[in-house]
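Trainee: One structure, as structure tokens, below. Some questions next.
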Amino acid sequence: MRRILVTGATGQVGSELTPALRRRYGADHVVAAGHRTAPTSALREAGPFVVLDVRDAAALAEVVRRHEIDTIFHLAALLSAVAEADPPRAWEINMQGLVNVLEVARAHRCAVFFPSSIAAFGPETPLARTPQVTIQRPHTIYGVTKVAGELLCNYYHRHFGVDTRGVRYPGLISAVAKPGGGTTDYAVEIFYAANEGRVFTCPLKPDTALAMMYMDDALRAAIELMEADPARLTDRNAFNLAAMSFTPAEIAAAIKEQVPGFAMVYEIDPLRQGIAEGWPASLDDSAARQQWGWQPAYDLAATVREMLTRLAATSASRGER
Ligand code: AKB
């Protein structure tokens with residue numbers, strides 16, 4: 001990886017992956033591409049930034065050509081709950097965007113990182129320790145785009161030799177950019193409520209267990225996979241990743257240990273609850289461990305400590321508390 005393009009750089013993963021890549025490969029070597037969300041000044045000023053809609057194949061090709069890109073981290077996508085509100089738009093952004101990325105990668109010999117998700121599974125999948133290879137019949141349009149994306153990445157690898165690699169991310173928990181429109185996002189919003197001393201209204205039932213991961217692990221996974229020896233990668237698109245599994249009741253209890261006054265009430269959102277019930281509670285990530293040495297570092301207790309510390313520091317620096 002010498003010259004990298006990050007699409008969706010202003011999103012939840014991109015706003016932390018871009019700085020991590022810049023620290024590792026040099027700021028000038030990592031081009032951040034965002035669409036509508038305004039980039040933070042840190043993202044815009046720390047290295048090259050371009051405004052790019054991944055649906056625009058010509059504009060994408062021009063950025064890749066102009067910056068001599070050899071690796072694309074393709075993060076631009078709509079998440080599960082917002083995608084469900086407008087399936088044709090989700091298909092256009094998630095699928096046409098990926099087709100455009102793969103086509104430009106084919107023409108310019110770029111490697112591609114594509115994040116799949118636990119959403120690539122569905123209610124017919126075994127949802128405890130979900131196997132690497134298993135039935136994938138998602139009921140959401142977001143999940144459909146993730147399965148199709150995995151297959152398309154494999155296709156471009158087999159037929160055109162594009163170096164595509166991907167992971168199936170669990171719900172991601174982070175303190176920098178808030179996610180938008182996901183089903184697992186309650187596990188991020190809960191920390192903002194705890195930090196601000198607000199009662200948290202949880203959209204999922206207390207016993208809904210989902211696979212989750214702290215952002216630092218997610219970033220390291222993306223970088224380690226793209227740096228891995230290709231000869232050892234037999235699964236490629238996409239590797240199950242595991243870190244922790246918890247229910248709303250369990251995360252609330254873990255937060256309460258650090259913030260004794262924290263309180264949560266339940267107001268079930270049928271859309272999110274229905275989606276969550278078809279997603280894995282935990283995953284078997286032995287393929288990732290064996291093929292490229294994957295090892296998570298954060299469990300629930302460590303995540304709670306980090307999230308509360310980082311959000312408190314951000315509030316303090318803004319003079320909020
Ligand atoms: C979502 O909830 O939509 C995402 C995901 C699990 O892919 N966080």
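Numbering starts fresh at 1 for the residues of each chain in the structure tokens, the chains themselves are lettered A, B, ... in the order given, and ligands are numbered from 1 as they appear.
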Near Gly97 of chain A, within 9 Å and counting only C-alpha atoms, which residues show up once chain neighbours fewer than 2 positions away are dropped, as a compact mmCIF listing (two decimals) with N, CA, C and O atoms, in the first residue's frame?

Mentor:
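So the final result, stored in out21.txt, reads:
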# COMPACT_ATOMS: atom_id res chain seq x y z
N ASP A 53 -18.79 11.39 -4.83
CA ASP A 53 -19.96 10.51 -4.71
C ASP A 53 -19.57 9.21 -5.42
O ASP A 53 -19.30 9.21 -6.62
N VAL A 54 -19.54 8.10 -4.69
CA VAL A 54 -19.05 6.85 -5.28
C VAL A 54 -19.94 6.34 -6.42
O VAL A 54 -19.55 5.45 -7.17
N ARG A 55 -21.15 6.92 -6.54
CA ARG A 55 -22.01 6.53 -7.66
C ARG A 55 -21.52 7.13 -8.97
O ARG A 55 -21.95 6.74 -10.05
N ASP A 56 -20.61 8.11 -8.88
CA ASP A 56 -20.09 8.80 -10.06
C ASP A 56 -18.78 8.11 -10.49
O ASP A 56 -17.69 8.43 -10.01
N ALA A 57 -18.92 7.15 -11.41
CA ALA A 57 -17.77 6.32 -11.81
C ALA A 57 -16.64 7.15 -12.42
O ALA A 57 -15.45 6.91 -12.16
N HIS A 74 -12.98 0.89 0.76
CA HIS A 74 -14.29 1.38 0.28
C HIS A 74 -15.32 1.30 1.41
O HIS A 74 -15.95 0.26 1.62
N ALA A 76 -17.87 3.77 1.94
CA ALA A 76 -19.12 4.51 1.71
C ALA A 76 -20.29 3.53 1.58
O ALA A 76 -20.27 2.65 0.72
N ALA A 77 -21.31 3.68 2.42
CA ALA A 77 -22.49 2.81 2.36
C ALA A 77 -23.58 3.35 3.28
O ALA A 77 -23.29 4.08 4.23
N TRP A 91 -29.53 0.27 -2.64
CA TRP A 91 -28.92 -0.57 -3.69
C TRP A 91 -27.97 0.26 -4.54
O TRP A 91 -26.85 -0.15 -4.84
N GLU A 92 -28.43 1.47 -4.88
CA GLU A 92 -27.62 2.33 -5.75
C GLU A 92 -26.29 2.72 -5.07
O GLU A 92 -25.22 2.63 -5.67
N ILE A 93 -26.40 3.15 -3.81
CA ILE A 93 -25.17 3.59 -3.12
C ILE A 93 -24.29 2.39 -2.79
O ILE A 93 -23.09 2.37 -3.09
N ASN A 94 -24.88 1.37 -2.17
CA ASN A 94 -24.07 0.25 -1.68
C ASN A 94 -23.56 -0.63 -2.83
O ASN A 94 -22.41 -1.07 -2.81
N MET A 95 -24.42 -0.90 -3.83
CA MET A 95 -23.99 -1.82 -4.90
C MET A 95 -23.33 -1.10 -6.07
O MET A 95 -22.27 -1.50 -6.52
N VAL A 99 -19.56 -1.57 -7.40
CA VAL A 99 -19.23 -1.93 -8.79
C VAL A 99 -18.24 -0.90 -9.36
O VAL A 99 -17.23 -1.26 -9.99
N ASN A 100 -18.50 0.38 -9.10
CA ASN A 100 -17.61 1.42 -9.61
C ASN A 100 -16.20 1.27 -9.03
O ASN A 100 -15.20 1.41 -9.74
N VAL A 101 -16.14 0.97 -7.74
CA VAL A 101 -14.83 0.79 -7.09
C VAL A 101 -14.10 -0.41 -7.70
O VAL A 101 -12.90 -0.35 -8.02
N LEU A 102 -14.81 -1.52 -7.88
CA LEU A 102 -14.17 -2.73 -8.42
C LEU A 102 -13.71 -2.52 -9.87
O LEU A 102 -12.64 -3.00 -10.27

Trainee: Find the spatial neighbours of Asn195 of chain A, counting only C-alpha atoms, within a cut-off of 7 Å - ignore same-chain residues fewer than 5 positions away - and output them as a list in words.

Mentor: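 Once the nearby chain positions are removed, what remains is Leu308, Leu311 and Ala312 of chain A.
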
Trainee: Keeping only C-alpha atoms, write those residues as a compact mmCIF listing (two decimals), in the first residue's frame.

Mentor:
# COMPACT_ATOMS: atom_id res chain seq x y z
CA LEU A 308 -16.53 6.76 29.06
CA LEU A 311 -16.33 10.98 25.83
CA ALA A 312 -15.60 12.68 29.18

Trainee: Residues near Asp235 of chain A, anyone? I mean within 12 Å using only C-alpha atoms, not counting same-chain ones fewer than 6 positions away, as a ChimeraX atom specification.

Mentor: /A:132-133,150-151,153-154,157,164-168,225,285-292

Trainee: Show me, as JSON lines, the residues of chain A having an atom within 9 Å of ligand 1, each with the closest atom pair and its distance in Å, using only C-alpha atoms and all ligand atoms.

Mentor:
{"residue": "A:Leu78", "atom": "CA", "partner": "ligand 1", "partner_atom_place_in_ligand_line": "3 (O)", "distance": 8.0}
{"residue": "A:Leu79", "atom": "CA", "partner": "ligand 1", "partner_atom_place_in_ligand_line": "3 (O)", "distance": 4.2}
{"residue": "A:Ser80", "atom": "CA", "partner": "ligand 1", "partner_atom_place_in_ligand_line": "3 (O)", "distance": 3.7}
{"residue": "A:Ala81", "atom": "CA", "partner": "ligand 1", "partner_atom_place_in_ligand_line": "3 (O)", "distance": 6.3}
{"residue": "A:Val82", "atom": "CA", "partner": "ligand 1", "partner_atom_place_in_ligand_line": "3 (O)", "distance": 8.3}
{"residue": "A:Ala83", "atom": "CA", "partner": "ligand 1", "partner_atom_place_in_ligand_line": "3 (O)", "distance": 8.5}
{"residue": "A:Pro115", "atom": "CA", "partner": "ligand 1", "partner_atom_place_in_ligand_line": "7 (O)", "distance": 8.7}
{"residue": "A:Ser116", "atom": "CA", "partner": "ligand 1", "partner_atom_place_in_ligand_line": "7 (O)", "distance": 7.2}
{"residue": "A:Ser117", "atom": "CA", "partner": "ligand 1", "partner_atom_place_in_ligand_line": "7 (O)", "distance": 4.6}
{"residue": "A:Ile118", "atom": "CA", "partner": "ligand 1", "partner_atom_place_in_ligand_line": "6 (C)", "distance": 5.5}
{"residue": "A:Ala119", "atom": "CA", "partner": "ligand 1", "partner_atom_place_in_ligand_line": "7 (O)", "distance": 5.6}
{"residue": "A:Ala120", "atom": "CA", "partner": "ligand 1", "partner_atom_place_in_ligand_line": "7 (O)", "distance": 8.4}
{"residue": "A:Tyr142", "atom": "CA", "partner": "ligand 1", "partner_atom_place_in_ligand_line": "3 (O)", "distance": 7.4}
{"residue": "A:Gly143", "atom": "CA", "partner": "ligand 1", "partner_atom_place_in_ligand_line": "7 (O)", "distance": 8.2}
{"residue": "A:Lys146", "atom": "CA", "partner": "ligand 1", "partner_atom_place_in_ligand_line": "7 (O)", "distance": 8.8}
{"residue": "A:Arg168", "atom": "CA", "partner": "ligand 1", "partner_atom_place_in_ligand_line": "7 (O)", "distance": 8.2}
{"residue": "A:Tyr169", "atom": "CA", "partner": "ligand 1", "partner_atom_place_in_ligand_line": "7 (O)", "distance": 6.5}
{"residue": "A:Pro170", "atom": "CA", "partner": "ligand 1", "partner_atom_place_in_ligand_line": "6 (C)", "distance": 5.3}
{"residue": "A:Gly171", "atom": "CA", "partner": "ligand 1", "partner_atom_place_in_ligand_line": "6 (C)", "distance": 4.2}
{"residue": "A:Leu172", "atom": "CA", "partner": "ligand 1", "partner_atom_place_in_ligand_line": "8 (N)", "distance": 5.8}
{"residue": "A:Ile173", "atom": "CA", "partner": "ligand 1", "partner_atom_place_in_ligand_line": "8 (N)", "distance": 8.6}
{"residue": "A:Pro179", "atom": "CA", "partner": "ligand 1", "partner_atom_place_in_ligand_line": "8 (N)", "distance": 7.6}
{"residue": "A:Gly180", "atom": "CA", "partner": "ligand 1", "partner_atom_place_in_ligand_line": "3 (O)", "distance": 8.5}
{"residue": "A:Gly181", "atom": "CA", "partner": "ligand 1", "partner_atom_place_in_ligand_line": "3 (O)", "distance": 6.6}
{"residue": "A:Gly182", "atom": "CA", "partner": "ligand 1", "partner_atom_place_in_ligand_line": "2 (O)", "distance": 3.4}
{"residue": "A:Thr183", "atom": "CA", "partner": "ligand 1", "partner_atom_place_in_ligand_line": "2 (O)", "distance": 3.6}
{"residue": "A:Thr184", "atom": "CA", "partner": "ligand 1", "partner_atom_place_in_ligand_line": "2 (O)", "distance": 4.1}
{"residue": "A:Asp185", "atom": "CA", "partner": "ligand 1", "partner_atom_place_in_ligand_line": "2 (O)", "distance": 5.9}
{"residue": "A:Tyr186", "atom": "CA", "partner": "ligand 1", "partner_atom_place_in_ligand_line": "2 (O)", "distance": 8.8}
{"residue": "A:Leu210", "atom": "CA", "partner": "ligand 1", "partner_atom_place_in_ligand_line": "6 (C)", "distance": 9.0}
{"residue": "A:Ala211", "atom": "CA", "partner": "ligand 1", "partner_atom_place_in_ligand_line": "6 (C)", "distance": 8.4}
{"residue": "A:Met212", "atom": "CA", "partner": "ligand 1", "partner_atom_place_in_ligand_line": "6 (C)", "distance": 8.2}
{"residue": "A:Arg272", "atom": "CA", "partner": "ligand 1", "partner_atom_place_in_ligand_line": "2 (O)", "distance": 8.6}
{"residue": "A:Ile275", "atom": "CA", "partner": "ligand 1", "partner_atom_place_in_ligand_line": "2 (O)", "distance": 8.8}
{"residue": "A:Ala276", "atom": "CA", "partner": "ligand 1", "partner_atom_place_in_ligand_line": "2 (O)", "distance": 8.3}
{"residue": "A:Trp279", "atom": "CA", "partner": "ligand 1", "partner_atom_place_in_ligand_line": "6 (C)", "distance": 8.3}

Trainee: Looking only at the backbone, which of the residues in segment 97-160 of chain A does DSSP tag as alpha helix (DSSP H), as a PyMOL selection string?

Mentor: chain A and resi 97-108+141-160

Trainee: Which residues come within 12 Å of Gly274 of chain A, counting only C-alpha atoms, excluding same-chain residues fewer than 6 positions away, as a list in words?

Mentor: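 The contact residues come out as Ser80, Ala81, Glu84, Gly122, Pro123, Pro138, His139, Thr140, Thr183, Pro203, Leu204, Lys205, Thr208 and Ile268 of chain A.
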
Trainee: Create the file for the chosen residues now, containing N, CA, C and O atoms and written as a CSV table (one decimal), in the first residue's frame.

Mentor:
chain,number,residue,atom,x,y,z
A,80,SER,N,-28.0,-0.3,8.1
A,80,SER,CA,-29.2,-1.1,8.0
A,80,SER,C,-30.6,-0.4,8.1
A,80,SER,O,-31.5,-0.6,7.2
A,81,ALA,N,-30.8,0.4,9.1
A,81,ALA,CA,-32.1,1.0,9.4
A,81,ALA,C,-32.4,2.0,8.3
A,81,ALA,O,-33.6,2.1,7.8
A,84,GLU,N,-33.3,0.4,5.0
A,84,GLU,CA,-34.6,-0.2,4.9
A,84,GLU,C,-35.7,0.9,4.6
A,84,GLU,O,-36.7,0.5,4.0
A,122,GLY,N,-28.8,-14.0,8.3
A,122,GLY,CA,-30.2,-13.8,8.5
A,122,GLY,C,-30.8,-14.9,9.4
A,122,GLY,O,-30.0,-15.7,10.0
A,123,PRO,N,-32.1,-14.8,9.6
A,123,PRO,CA,-32.7,-15.7,10.6
A,123,PRO,C,-32.5,-17.2,10.4
A,123,PRO,O,-32.5,-17.9,11.4
A,138,PRO,N,-30.0,-13.0,4.2
A,138,PRO,CA,-30.5,-11.8,5.0
A,138,PRO,C,-31.9,-11.3,4.6
A,138,PRO,O,-32.3,-11.5,3.4
A,139,HIS,N,-32.6,-10.8,5.5
A,139,HIS,CA,-33.9,-10.3,5.2
A,139,HIS,C,-33.9,-8.7,5.0
A,139,HIS,O,-35.0,-8.2,4.8
A,140,THR,N,-32.8,-8.1,5.2
A,140,THR,CA,-32.7,-6.6,5.0
A,140,THR,C,-32.0,-6.3,3.7
A,140,THR,O,-31.2,-7.1,3.2
A,183,THR,N,-28.5,-0.6,13.3
A,183,THR,CA,-29.3,-1.3,14.3
A,183,THR,C,-28.5,-1.5,15.6
A,183,THR,O,-29.1,-1.5,16.6
A,203,PRO,N,-33.9,1.0,22.0
A,203,PRO,CA,-34.8,0.5,21.0
A,203,PRO,C,-34.9,-1.0,20.9
A,203,PRO,O,-35.8,-1.5,20.2
A,204,LEU,N,-34.0,-1.7,21.6
A,204,LEU,CA,-34.0,-3.2,21.5
A,204,LEU,C,-34.5,-3.8,22.9
A,204,LEU,O,-34.3,-3.2,23.9
A,205,LYS,N,-35.0,-5.0,22.8
A,205,LYS,CA,-35.4,-5.7,24.1
A,205,LYS,C,-34.2,-6.0,24.9
A,205,LYS,O,-33.1,-6.3,24.4
A,208,THR,N,-31.7,-9.0,23.9
A,208,THR,CA,-31.2,-9.2,22.5
A,208,THR,C,-29.7,-9.1,22.4
A,208,THR,O,-29.1,-8.1,22.4
A,268,ILE,N,-39.3,-0.2,22.5
A,268,ILE,CA,-38.9,-1.1,21.4
A,268,ILE,C,-39.2,-0.6,20.0
A,268,ILE,O,-40.4,-0.2,19.8

Trainee: Within 8 Å of segment 213-217 of chain A, counting only C-alpha atoms, which residues qualify if same-chain residues fewer than 3 places away don't, as a list in words?

Mentor: Val13, Tyr169, Pro170, Gly171, Leu172, Ile173, Ser174, Arg220, Ala221, Ala242, Ala243, Met244, Pro296, Ala297, Tyr298, Asp299 and Thr303 of chain A

Trainee: Could you write out that same residue set with N, CA and C atoms as a PDB file, in the first residue's frame?

Mentor:
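File produced: out-v3.pdb:
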ATOM      1  N   VAL A  13     -16.491   4.735  10.527  1.00  0.00           N
ATOM      2  CA  VAL A  13     -15.199   4.036  10.441  1.00  0.00           C
ATOM      3  C   VAL A  13     -14.164   4.938   9.780  1.00  0.00           C
ATOM      4  N   TYR A 169     -17.872  -7.119   9.813  1.00  0.00           N
ATOM      5  CA  TYR A 169     -17.803  -6.400  11.083  1.00  0.00           C
ATOM      6  C   TYR A 169     -19.032  -6.687  11.938  1.00  0.00           C
ATOM      7  N   PRO A 170     -18.818  -6.885  13.245  1.00  0.00           N
ATOM      8  CA  PRO A 170     -19.937  -6.849  14.190  1.00  0.00           C
ATOM      9  C   PRO A 170     -20.392  -5.391  14.342  1.00  0.00           C
ATOM     10  N   GLY A 171     -21.339  -5.096  15.227  1.00  0.00           N
ATOM     11  CA  GLY A 171     -21.684  -3.709  15.531  1.00  0.00           C
ATOM     12  C   GLY A 171     -20.450  -3.000  16.061  1.00  0.00           C
ATOM     13  N   LEU A 172     -20.199  -1.780  15.576  1.00  0.00           N
ATOM     14  CA  LEU A 172     -18.965  -1.084  15.974  1.00  0.00           C
ATOM     15  C   LEU A 172     -19.265   0.021  16.985  1.00  0.00           C
ATOM     16  N   ILE A 173     -18.395   0.106  17.984  1.00  0.00           N
ATOM     17  CA  ILE A 173     -18.585   1.075  19.070  1.00  0.00           C
ATOM     18  C   ILE A 173     -17.414   2.049  19.058  1.00  0.00           C
ATOM     19  N   SER A 174     -17.728   3.351  18.953  1.00  0.00           N
ATOM     20  CA  SER A 174     -16.643   4.330  18.842  1.00  0.00           C
ATOM     21  C   SER A 174     -17.051   5.664  19.436  1.00  0.00           C
ATOM     22  N   ARG A 220      -7.656  -1.894  13.382  1.00  0.00           N
ATOM     23  CA  ARG A 220      -6.473  -2.773  13.304  1.00  0.00           C
ATOM     24  C   ARG A 220      -6.772  -3.957  12.384  1.00  0.00           C
ATOM     25  N   ALA A 221      -7.990  -4.477  12.456  1.00  0.00           N
ATOM     26  CA  ALA A 221      -8.355  -5.615  11.597  1.00  0.00           C
ATOM     27  C   ALA A 221      -8.228  -5.224  10.122  1.00  0.00           C
ATOM     28  N   ALA A 242     -14.722 -11.557  15.491  1.00  0.00           N
ATOM     29  CA  ALA A 242     -15.428 -11.558  16.778  1.00  0.00           C
ATOM     30  C   ALA A 242     -14.620 -10.788  17.805  1.00  0.00           C
ATOM     31  N   ALA A 243     -15.313 -10.200  18.750  1.00  0.00           N
ATOM     32  CA  ALA A 243     -14.636  -9.542  19.867  1.00  0.00           C
ATOM     33  C   ALA A 243     -15.443  -9.733  21.151  1.00  0.00           C
ATOM     34  N   MET A 244     -16.727  -9.347  21.127  1.00  0.00           N
ATOM     35  CA  MET A 244     -17.573  -9.506  22.321  1.00  0.00           C
ATOM     36  C   MET A 244     -19.030  -9.657  21.899  1.00  0.00           C
ATOM     37  N   PRO A 296      -8.626 -10.042  18.799  1.00  0.00           N
ATOM     38  CA  PRO A 296      -9.201  -8.808  19.341  1.00  0.00           C
ATOM     39  C   PRO A 296      -8.550  -8.418  20.664  1.00  0.00           C
ATOM     40  N   ALA A 297      -8.592  -7.128  20.993  1.00  0.00           N
ATOM     41  CA  ALA A 297      -7.970  -6.672  22.242  1.00  0.00           C
ATOM     42  C   ALA A 297      -8.990  -6.161  23.265  1.00  0.00           C
ATOM     43  N   TYR A 298     -10.185  -5.779  22.817  1.00  0.00           N
ATOM     44  CA  TYR A 298     -11.159  -5.128  23.715  1.00  0.00           C
ATOM     45  C   TYR A 298     -12.360  -6.025  24.000  1.00  0.00           C
ATOM     46  N   ASP A 299     -12.612  -6.269  25.314  1.00  0.00           N
ATOM     47  CA  ASP A 299     -13.866  -6.919  25.711  1.00  0.00           C
ATOM     48  C   ASP A 299     -14.833  -5.843  26.194  1.00  0.00           C
ATOM     49  N   THR A 303     -14.056  -1.834  26.756  1.00  0.00           N
ATOM     50  CA  THR A 303     -14.773  -0.906  25.872  1.00  0.00           C
ATOM     51  C   THR A 303     -15.492   0.162  26.695  1.00  0.00           C
TER      52      THR A 303
END

Trainee: Using only C-alpha atoms, pick whichever of A:Ala58, A:Ala218, A:Leu300, A:Ile4 has the shortest atom-to-atom distance to Ala33 of chain A.

Mentor: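 Among the listed residues, A:Ile4 lies closest to Ala33 of chain A.
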
Trainee: Pick from A:Arg129, A:Arg305, A:Arg310, A:Arg66: nearest to Ile251 of chain A, with only C-alpha atoms counted?

Mentor: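 Once distances to Ile251 of chain A are computed over only C-alpha atoms, the minimum belongs to A:Arg305.
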
Trainee: Can you measure atom CA of Thr201 of chain A to atom CA of Leu271 of chain A for me? One decimal in Å is fine.

Mentor: 15.4 Å

Trainee: Mind checking DSSP for segment 5-216 of chain A and telling me the strand (DSSP E or B) residues as a compact mmCIF listing (two decimals) with N, CA and C atoms, in the first residue's frame?

Mentor:
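Okay, this is what ended up in selection_16.txt:
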# COMPACT_ATOMS: atom_id res chain seq x y z
N LEU A 5 -6.81 5.38 -1.12
CA LEU A 5 -8.04 6.17 -1.16
C LEU A 5 -9.02 5.58 -0.15
N VAL A 6 -9.61 6.44 0.69
CA VAL A 6 -10.64 6.00 1.63
C VAL A 6 -11.95 6.63 1.21
N THR A 7 -12.92 5.83 0.74
CA THR A 7 -14.25 6.39 0.46
C THR A 7 -15.06 6.34 1.76
N VAL A 30 -2.52 9.28 1.80
CA VAL A 30 -3.87 8.79 2.07
C VAL A 30 -4.88 9.88 1.70
N VAL A 31 -5.64 9.63 0.62
CA VAL A 31 -6.64 10.58 0.15
C VAL A 31 -7.98 10.24 0.79
N ALA A 32 -8.55 11.22 1.51
CA ALA A 32 -9.86 11.01 2.14
C ALA A 32 -10.93 11.51 1.18
N ALA A 33 -11.95 10.67 0.93
CA ALA A 33 -13.04 11.09 0.05
C ALA A 33 -14.35 11.04 0.82
N GLY A 34 -15.06 12.17 0.82
CA GLY A 34 -16.35 12.24 1.51
C GLY A 34 -17.39 12.77 0.56
N PHE A 49 -7.97 15.82 0.69
CA PHE A 49 -9.40 15.53 0.85
C PHE A 49 -10.11 15.85 -0.46
N VAL A 50 -10.97 14.94 -0.94
CA VAL A 50 -11.76 15.22 -2.15
C VAL A 50 -13.23 14.97 -1.86
N VAL A 51 -14.08 15.78 -2.52
CA VAL A 51 -15.52 15.53 -2.43
C VAL A 51 -15.85 14.53 -3.54
N THR A 71 -4.50 1.35 -3.52
CA THR A 71 -5.32 0.61 -2.56
C THR A 71 -6.55 1.44 -2.21
N ILE A 72 -7.74 0.81 -2.23
CA ILE A 72 -8.97 1.53 -1.90
C ILE A 72 -9.63 0.87 -0.69
N PHE A 73 -9.85 1.65 0.37
CA PHE A 73 -10.68 1.20 1.48
C PHE A 73 -12.06 1.77 1.18
N HIS A 74 -12.98 0.89 0.76
CA HIS A 74 -14.29 1.38 0.28
C HIS A 74 -15.32 1.30 1.41
N ALA A 111 -5.73 -2.72 -4.97
CA ALA A 111 -6.30 -3.65 -4.00
C ALA A 111 -7.53 -2.97 -3.39
N VAL A 112 -8.50 -3.78 -2.93
CA VAL A 112 -9.74 -3.22 -2.38
C VAL A 112 -10.07 -3.87 -1.04
N PHE A 113 -10.35 -3.01 -0.04
CA PHE A 113 -10.90 -3.50 1.23
C PHE A 113 -12.39 -3.18 1.23
N PHE A 114 -13.23 -4.22 1.43
CA PHE A 114 -14.68 -4.04 1.45
C PHE A 114 -15.22 -4.56 2.79
N PRO A 115 -15.82 -3.68 3.62
CA PRO A 115 -16.35 -4.15 4.88
C PRO A 115 -17.73 -4.75 4.72
N SER A 116 -17.83 -6.07 4.94
CA SER A 116 -19.13 -6.68 5.05
C SER A 116 -19.56 -6.57 6.51
N SER A 117 -20.53 -7.33 6.93
CA SER A 117 -21.14 -7.09 8.24
C SER A 117 -21.87 -8.34 8.72
N THR A 130 -21.66 -18.13 14.85
CA THR A 130 -21.96 -18.26 13.42
C THR A 130 -20.71 -18.71 12.65
N THR A 164 -9.01 -8.30 -3.74
CA THR A 164 -10.10 -7.89 -2.86
C THR A 164 -10.00 -8.64 -1.54
N ARG A 165 -10.24 -7.92 -0.44
CA ARG A 165 -10.22 -8.54 0.89
C ARG A 165 -11.31 -7.88 1.75
N GLY A 166 -11.92 -8.65 2.64
CA GLY A 166 -12.99 -8.06 3.45
C GLY A 166 -13.20 -8.76 4.77
N VAL A 167 -13.88 -8.07 5.66
CA VAL A 167 -14.25 -8.63 6.96
C VAL A 167 -15.76 -8.46 7.16
N ARG A 168 -16.32 -9.30 8.04
CA ARG A 168 -17.71 -9.10 8.45
C ARG A 168 -17.67 -8.45 9.81
N TYR A 169 -17.87 -7.12 9.81
CA TYR A 169 -17.80 -6.40 11.08
C TYR A 169 -19.03 -6.69 11.94
N GLY A 171 -21.34 -5.10 15.23
CA GLY A 171 -21.68 -3.71 15.53
C GLY A 171 -20.45 -3.00 16.06
N LEU A 172 -20.20 -1.78 15.58
CA LEU A 172 -18.97 -1.08 15.97
C LEU A 172 -19.27 0.02 16.98
N ILE A 173 -18.39 0.11 17.98
CA ILE A 173 -18.59 1.08 19.07
C ILE A 173 -17.41 2.05 19.06
N PHE A 200 -31.27 6.77 29.12
CA PHE A 200 -31.18 6.25 27.75
C PHE A 200 -32.42 5.43 27.41
N THR A 201 -33.01 5.74 26.24
CA THR A 201 -34.16 4.97 25.76
C THR A 201 -33.67 3.94 24.76
N CYS A 202 -33.75 2.67 25.15
CA CYS A 202 -33.17 1.60 24.32
C CYS A 202 -34.22 1.07 23.34
N LEU A 210 -26.14 -9.31 20.64
CA LEU A 210 -25.54 -9.07 19.32
C LEU A 210 -24.02 -9.08 19.43
N ALA A 211 -23.37 -9.46 18.32
CA ALA A 211 -21.90 -9.41 18.27
C ALA A 211 -21.47 -7.95 18.12
N MET A 212 -20.46 -7.54 18.88
CA MET A 212 -20.01 -6.14 18.88
C MET A 212 -18.48 -6.07 18.90
N MET A 213 -17.97 -4.88 18.58
CA MET A 213 -16.50 -4.68 18.55
C MET A 213 -16.16 -3.21 18.80
N TYR A 214 -15.09 -2.96 19.54
CA TYR A 214 -14.61 -1.59 19.76
C TYR A 214 -13.83 -1.14 18.52

Trainee: Which residue gives the smallest distance to Asp163 of chain A among A:Ala194, A:Cys110, A:Ala46, A:Val104, with only C-alpha atoms counted?

Mentor: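 The closest residue to Asp163 of chain A is A:Cys110.
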
Trainee: Between atom CA of Ala313 of chain A and atom CA of Lys178 of chain A, what distance in Å does the model show, to one decimal?

Mentor: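 If I compute the distance from atom CA of Ala313 of chain A to atom CA of Lys178 of chain A, I get 16.0 Å.
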
Trainee: Using only C-alpha atoms for the distances, tell me which of A:Gln295, A:Ser315, A:Ser282, A:Thr10 is nearest to Ala128 of chain A.

Mentor: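 Looking only at the distances to Ala128 of chain A, the closest residue turns out to be A:Ser282.
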